[in-house]
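Visitor: Next up, structure_28.cif (mmCIF, C-alpha atoms and all ligand atoms).
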data_work
loop_
_atom_site.group_PDB
_atom_site.id
_atom_site.type_symbol
_atom_site.label_atom_id
_atom_site.label_comp_id
_atom_site.auth_asym_id
_atom_site.auth_seq_id
_atom_site.Cartn_x
_atom_site.Cartn_y
_atom_site.Cartn_z
ATOM 1 C CA MET N 1 0.000 0.000 0.000
ATOM 2 C CA THR N 2 1.282 3.496 -0.907
ATOM 3 C CA LYS N 3 2.358 5.511 2.118
ATOM 4 C CA ARG N 4 0.305 8.698 2.502
ATOM 5 C CA LEU N 5 2.575 11.758 2.717
ATOM 6 C CA TYR N 6 -0.125 14.348 3.295
ATOM 7 C CA ASP N 7 -2.520 15.202 6.112
ATOM 8 C CA CYS N 8 -5.931 16.530 5.090
ATOM 9 C CA GLY N 9 -6.674 17.395 8.712
ATOM 10 C CA ASN N 10 -3.796 19.889 8.640
ATOM 11 C CA CYS N 11 -4.829 21.545 5.364
ATOM 12 C CA PRO N 12 -7.424 24.232 4.520
ATOM 13 C CA ALA N 13 -8.719 21.965 1.700
ATOM 14 C CA TYR N 14 -7.159 23.417 -1.426
ATOM 15 C CA CYS N 15 -8.685 20.590 -3.463
ATOM 16 C CA CYS N 16 -12.184 21.784 -2.534
ATOM 17 C CA SER N 17 -11.518 25.094 -4.294
ATOM 18 C CA TYR N 18 -11.454 23.483 -7.755
ATOM 19 C CA ASP N 19 -14.036 25.103 -10.015
ATOM 20 C CA HIS N 20 -15.059 21.854 -11.643
ATOM 21 C CA VAL N 21 -15.681 19.053 -9.167
ATOM 22 C CA GLU N 22 -17.694 16.654 -11.295
ATOM 23 C CA VAL N 23 -20.947 15.146 -10.023
ATOM 24 C CA THR N 24 -21.888 12.012 -11.971
ATOM 25 C CA ASP N 25 -25.387 10.532 -12.005
ATOM 26 C CA ALA N 26 -24.321 8.030 -9.330
ATOM 27 C CA ASP N 27 -22.816 10.863 -7.233
ATOM 28 C CA LEU N 28 -26.031 12.856 -7.533
ATOM 29 C CA ALA N 29 -28.160 9.893 -6.446
ATOM 30 C CA ARG N 30 -25.874 9.322 -3.410
ATOM 31 C CA LEU N 31 -25.930 12.994 -2.453
ATOM 32 C CA ALA N 32 -29.720 13.171 -2.799
ATOM 33 C CA ARG N 33 -30.176 10.089 -0.581
ATOM 34 C CA HIS N 34 -27.805 11.512 2.014
ATOM 35 C CA LEU N 35 -29.528 14.901 2.047
ATOM 36 C CA GLU N 36 -32.994 13.324 1.852
ATOM 37 C CA VAL N 37 -34.131 15.233 -1.216
ATOM 38 C CA GLU N 38 -35.135 14.184 -4.707
ATOM 39 C CA PRO N 39 -32.233 13.956 -7.197
ATOM 40 C CA ALA N 40 -33.752 16.783 -9.258
ATOM 41 C CA VAL N 41 -33.815 19.000 -6.169
ATOM 42 C CA ALA N 42 -30.213 18.111 -5.296
ATOM 43 C CA GLU N 43 -29.151 18.822 -8.856
ATOM 44 C CA ARG N 44 -30.778 22.262 -8.839
ATOM 45 C CA ARG N 45 -29.609 23.268 -5.369
ATOM 46 C CA PHE N 46 -26.110 21.884 -5.242
ATOM 47 C CA THR N 47 -24.819 21.659 -8.808
ATOM 48 C CA LYS N 48 -24.415 23.766 -11.903
ATOM 49 C CA ARG N 49 -23.137 23.300 -15.443
ATOM 50 C CA GLY N 50 -19.387 23.557 -15.868
ATOM 51 C CA ARG N 51 -16.688 22.502 -18.269
ATOM 52 C CA GLY N 52 -13.835 20.064 -17.930
ATOM 53 C CA LYS N 53 -12.086 17.317 -19.874
ATOM 54 C CA GLY N 54 -13.169 19.205 -23.029
ATOM 55 C CA ARG N 55 -16.864 18.685 -22.393
ATOM 56 C CA HIS N 56 -19.794 19.946 -20.342
ATOM 57 C CA LEU N 57 -19.977 18.576 -16.825
ATOM 58 C CA ARG N 58 -22.326 18.766 -13.882
ATOM 59 C CA VAL N 59 -20.225 20.299 -11.086
ATOM 60 C CA LEU N 60 -20.665 21.326 -7.464
ATOM 61 C CA ARG N 61 -21.732 24.882 -6.733
ATOM 62 C CA HIS N 62 -19.384 27.177 -4.826
ATOM 63 C CA ARG N 63 -19.795 29.832 -2.181
ATOM 64 C CA LYS N 64 -17.499 32.536 -0.844
ATOM 65 C CA ASP N 65 -14.385 31.352 0.952
ATOM 66 C CA LYS N 66 -11.894 33.330 3.017
ATOM 67 C CA HIS N 67 -8.847 31.535 1.673
ATOM 68 C CA PHE N 68 -9.653 30.891 -1.964
ATOM 69 C CA GLY N 69 -12.247 33.457 -3.017
ATOM 70 C CA THR N 70 -14.737 30.617 -3.489
ATOM 71 C CA ALA N 71 -14.844 26.929 -2.621
ATOM 72 C CA CYS N 72 -17.281 24.032 -2.692
ATOM 73 C CA ARG N 73 -20.550 24.922 -0.994
ATOM 74 C CA PHE N 74 -20.215 21.796 1.182
ATOM 75 C CA LEU N 75 -16.874 22.825 2.675
ATOM 76 C CA ASP N 76 -17.342 23.989 6.256
ATOM 77 C CA PRO N 77 -15.710 27.442 6.280
ATOM 78 C CA ARG N 78 -14.560 27.103 9.889
ATOM 79 C CA THR N 79 -13.505 23.475 10.349
ATOM 80 C CA ARG N 80 -12.418 23.026 6.670
ATOM 81 C CA GLN N 81 -14.130 19.631 6.698
ATOM 82 C CA CYS N 82 -16.488 18.234 4.073
ATOM 83 C CA GLY N 83 -20.135 18.603 5.093
ATOM 84 C CA VAL N 84 -21.208 15.566 3.048
ATOM 85 C CA TYR N 85 -18.164 13.381 3.639
ATOM 86 C CA GLU N 86 -19.996 10.029 3.510
ATOM 87 C CA ALA N 87 -21.770 11.069 0.307
ATOM 88 C CA ARG N 88 -19.051 13.101 -1.395
ATOM 89 C CA PRO N 89 -18.553 12.633 -5.157
ATOM 90 C CA SER N 90 -16.263 9.893 -6.423
ATOM 91 C CA ILE N 91 -13.648 12.354 -7.579
ATOM 92 C CA CYS N 92 -13.331 13.709 -4.020
ATOM 93 C CA ARG N 93 -12.873 10.138 -2.749
ATOM 94 C CA THR N 94 -10.018 9.334 -5.088
ATOM 95 C CA TYR N 95 -8.115 12.655 -5.004
ATOM 96 C CA PRO N 96 -5.104 13.006 -5.118
ATOM 97 C CA GLY N 97 -4.741 9.407 -6.265
ATOM 98 C CA THR N 98 -1.129 8.987 -5.137
ATOM 99 C CA GLY N 99 0.767 9.059 -1.865
ATOM 100 C CA ARG N 100 1.619 12.737 -2.372
ATOM 101 C CA CYS N 101 -0.585 15.807 -2.642
ATOM 102 C CA GLY N 102 1.027 18.735 -4.469
ATOM 103 C CA PHE N 103 -1.073 21.209 -2.511
ATOM 104 C CA TYR N 104 0.121 19.721 0.761
ATOM 105 C CA ASP N 105 3.748 19.860 -0.353
ATOM 106 C CA PHE N 106 3.191 23.529 -1.262
ATOM 107 C CA LEU N 107 1.536 24.233 2.105
ATOM 108 C CA CYS N 108 4.381 22.611 4.068
ATOM 109 C CA ALA N 109 7.031 24.458 2.045
ATOM 110 C CA GLU N 110 5.326 27.807 2.695
ATOM 111 C CA ARG N 111 4.943 27.057 6.403
ATOM 112 C CA ARG N 112 8.627 26.187 6.658
ATOM 113 C CA ALA N 113 9.572 29.377 4.770
ATOM 114 C CA GLN N 114 7.374 31.495 7.057
ATOM 115 C CA GLU N 115 8.514 29.552 10.153
ATOM 116 C CA ASN N 116 4.833 29.396 11.071
ATOM 117 C CA PRO N 117 3.172 25.951 11.291
ATOM 118 C CA ALA N 118 -0.287 27.547 11.122
ATOM 119 C CA TYR N 119 0.357 29.757 8.081
ATOM 120 C CA VAL N 120 -2.216 29.391 5.308
ATOM 121 C CA PRO N 121 -1.112 30.692 1.907
ATOM 122 C CA SER N 122 -4.251 31.927 0.197
ATOM 123 C CA PHE N 123 -4.982 32.380 -3.451
ATOM 124 C CA THR N 124 -7.934 32.984 -5.701
ATOM 125 C CA ARG N 125 -8.482 31.115 -8.903
ATOM 126 C CA GLY N 126 -9.238 32.709 -12.182
HETATM 127 S S1 LIG O 201 -5.412 19.620 -0.853
HETATM 128 FE FE1 LIG O 201 -4.461 17.610 -0.482
HETATM 129 S S2 LIG O 201 -3.935 17.605 1.729
HETATM 130 FE FE2 LIG O 201 -5.396 19.268 1.343
HETATM 131 S S3 LIG O 201 -7.421 18.394 1.837
HETATM 132 FE FE3 LIG O 201 -7.060 18.157 -0.405
HETATM 133 S S4 LIG O 201 -6.122 16.118 -0.623
HETATM 134 FE FE4 LIG O 201 -5.977 16.682 1.528
HETATM 135 S S1 LIG O 202 -17.941 17.530 -1.678
HETATM 136 FE FE1 LIG O 202 -16.646 17.658 0.108
HETATM 137 S S2 LIG O 202 -14.652 16.800 -0.481
HETATM 138 FE FE2 LIG O 202 -15.815 17.275 -2.372
HETATM 139 S S3 LIG O 202 -15.164 19.347 -2.978
HETATM 140 FE FE3 LIG O 202 -17.002 19.559 -1.706
HETATM 141 S S4 LIG O 202 -16.261 19.856 0.414
HETATM 142 FE FE4 LIG O 202 -14.566 19.047 -0.839
#
Write out the structure in this file as structure tokens.
Guide:
Amino acid sequence: MTKRLYDCGNCPAYCCSYDHVEVTDADLARLARHLEVEPAVAERRFTKRGRGKGRHLRVLRHRKDKHFGTACRFLDPRTRQCGVYEARPSICRTYPGTGRCGFYDFLCAERRAQENPAYVPSFTRG
């Protein structure tokens, strides 16, 4: 098993600031069950049309975020935890897909440079 060299509990959740977190039909059905709403309601409330992989995608909606400008609407702005963890989309489950997370490496490098273990380098996308 690949050793995990990142700690999501020590990270402000950079990956949740991606504009295009895809929600497949299976993801939507899981989210709807978890939130106890009809899939059509979940789709309208929590997703929007986006683009990625050269095609149109159904993606998670965002809301304002203090670190990134915007981030996934399910990201708790205070705890930085996922509000639908058990029902999160497949892509969130598999990210980053290796033992290393580039965002976490970046975060650790910045914290070392600032000599501040709590430092959070912010950025806005776009
Ligand atoms: S950016 Fe990397 S370390 Fe941070 S929450 Fe996402 S996967 Fe975890
Ligand atoms: S569903 Fe959860 S893990 Fe996925 S982007 Fe949103 S807050 Fe992050």
Visitor: Nearest to ligand LIG 201 (chain O) among N:Arg88, N:Lys48, N:Arg111, N:Arg4, with distances taken over all atoms listed in the file: which residue is it?
Guide: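 The closest residue to ligand LIG 201 (chain O) is N:Arg4.
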Visitor: Quick one: residues within 12 Å of N:Gly102, all atoms listed in the file counted, chain neighbours fewer than 2 positions away excluded, as a ChimeraX atom specification?
Guide: /N:5-7,11,13-15,95-100,104-109
Visitor: Using C-alpha atoms, can you export the residues from the last selection as a PDB file, in the coordinates of the input?
Guide:
ATOM      1  CA  LEU N   5       2.575  11.758   2.717  1.00  0.00           C
ATOM      2  CA  TYR N   6      -0.125  14.348   3.295  1.00  0.00           C
ATOM      3  CA  ASP N   7      -2.520  15.202   6.112  1.00  0.00           C
ATOM      4  CA  CYS N  11      -4.829  21.545   5.364  1.00  0.00           C
ATOM      5  CA  ALA N  13      -8.719  21.965   1.700  1.00  0.00           C
ATOM      6  CA  TYR N  14      -7.159  23.417  -1.426  1.00  0.00           C
ATOM      7  CA  CYS N  15      -8.685  20.590  -3.463  1.00  0.00           C
ATOM      8  CA  TYR N  95      -8.115  12.655  -5.004  1.00  0.00           C
ATOM      9  CA  PRO N  96      -5.104  13.006  -5.118  1.00  0.00           C
ATOM     10  CA  GLY N  97      -4.741   9.407  -6.265  1.00  0.00           C
ATOM     11  CA  THR N  98      -1.129   8.987  -5.137  1.00  0.00           C
ATOM     12  CA  GLY N  99       0.767   9.059  -1.865  1.00  0.00           C
ATOM     13  CA  ARG N 100       1.619  12.737  -2.372  1.00  0.00           C
ATOM     14  CA  TYR N 104       0.121  19.721   0.761  1.00  0.00           C
ATOM     15  CA  ASP N 105       3.748  19.860  -0.353  1.00  0.00           C
ATOM     16  CA  PHE N 106       3.191  23.529  -1.262  1.00  0.00           C
ATOM     17  CA  LEU N 107       1.536  24.233   2.105  1.00  0.00           C
ATOM     18  CA  CYS N 108       4.381  22.611   4.068  1.00  0.00           C
ATOM     19  CA  ALA N 109       7.031  24.458   2.045  1.00  0.00           C
TER      20      ALA N 109
END
Visitor: Which protein, DNA or RNA residues have an atom within 6 Å of ligand LIG 202 (chain O), counting all atoms listed in the file, as a list in words?
Guide: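 Final answer, ordered by chain and number: Cys16, Cys72, Phe74, Leu75, Cys82, Val84, Tyr85, Arg88 and Cys92 of chain N.
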Visitor: How many Å lie between atom CA of N:Arg58 and atom CA of N:Cys101, rounded to one decimal?
Guide: 24.7 Å
Visitor: Which is closer to ligand LIG 201 (chain O) than all the others in N:Leu60, N:Val23, N:Cys8, N:Leu28, using all atoms listed in the file?
Guide: N:Cys8
Visitor: Emit as JSON the padded axis-aligned box for all listed atoms of ligand LIG 201 (chain O), 5 Å per side, with centre and edge lengths in Å to one decimal.
Guide:
{"center_x": -5.7, "center_y": 17.9, "center_z": 0.5, "size_x": 13.5, "size_y": 13.5, "size_z": 12.7}
Visitor: Leaving out N:Leu31 and any residue of its chain fewer than 6 positions from it, which residues lie within 12 Å of it when counting only C-alpha atoms, given as a list in words?
Guide: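 So the residues in contact are Val23, Thr24, Asp25, Val37, Glu38, Pro39, Ala40, Val41, Ala42, Glu43, Arg45, Phe46, Thr47, Leu60, Phe74, Gly83, Val84, Tyr85, Glu86, Ala87, Arg88, Pro89 and Ser90 of chain N.
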Visitor: The selected residues should be written to file as a compact mmCIF listing (two decimals), keeping the file's coordinate frame (atoms: C-alpha atoms).
Guide:
# COMPACT_ATOMS: atom_id res chain seq x y z
CA VAL N 23 -20.95 15.15 -10.02
CA THR N 24 -21.89 12.01 -11.97
CA ASP N 25 -25.39 10.53 -12.00
CA VAL N 37 -34.13 15.23 -1.22
CA GLU N 38 -35.14 14.18 -4.71
CA PRO N 39 -32.23 13.96 -7.20
CA ALA N 40 -33.75 16.78 -9.26
CA VAL N 41 -33.82 19.00 -6.17
CA ALA N 42 -30.21 18.11 -5.30
CA GLU N 43 -29.15 18.82 -8.86
CA ARG N 45 -29.61 23.27 -5.37
CA PHE N 46 -26.11 21.88 -5.24
CA THR N 47 -24.82 21.66 -8.81
CA LEU N 60 -20.66 21.33 -7.46
CA PHE N 74 -20.22 21.80 1.18
CA GLY N 83 -20.14 18.60 5.09
CA VAL N 84 -21.21 15.57 3.05
CA TYR N 85 -18.16 13.38 3.64
CA GLU N 86 -20.00 10.03 3.51
CA ALA N 87 -21.77 11.07 0.31
CA ARG N 88 -19.05 13.10 -1.40
CA PRO N 89 -18.55 12.63 -5.16
CA SER N 90 -16.26 9.89 -6.42
Visitor: Identify which of the residues N:Arg93, N:Arg78, N:Lys64, N:Arg112 lies closest to N:Ser17, counting only C-alpha atoms when measuring atom-to-atom distances.
Guide: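 Among the listed residues, the smallest separation from N:Ser17 belongs to N:Lys64.
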Visitor: Using all atoms listed in the file, which of N:Lys3, N:Arg80, N:Lys53, N:His67 sits nearest ligand LIG 201 (chain O)?
Guide: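 Of N:Lys3, N:Arg80, N:Lys53, N:His67, the one nearest ligand LIG 201 (chain O), counting all atoms listed in the file, is N:Arg80.
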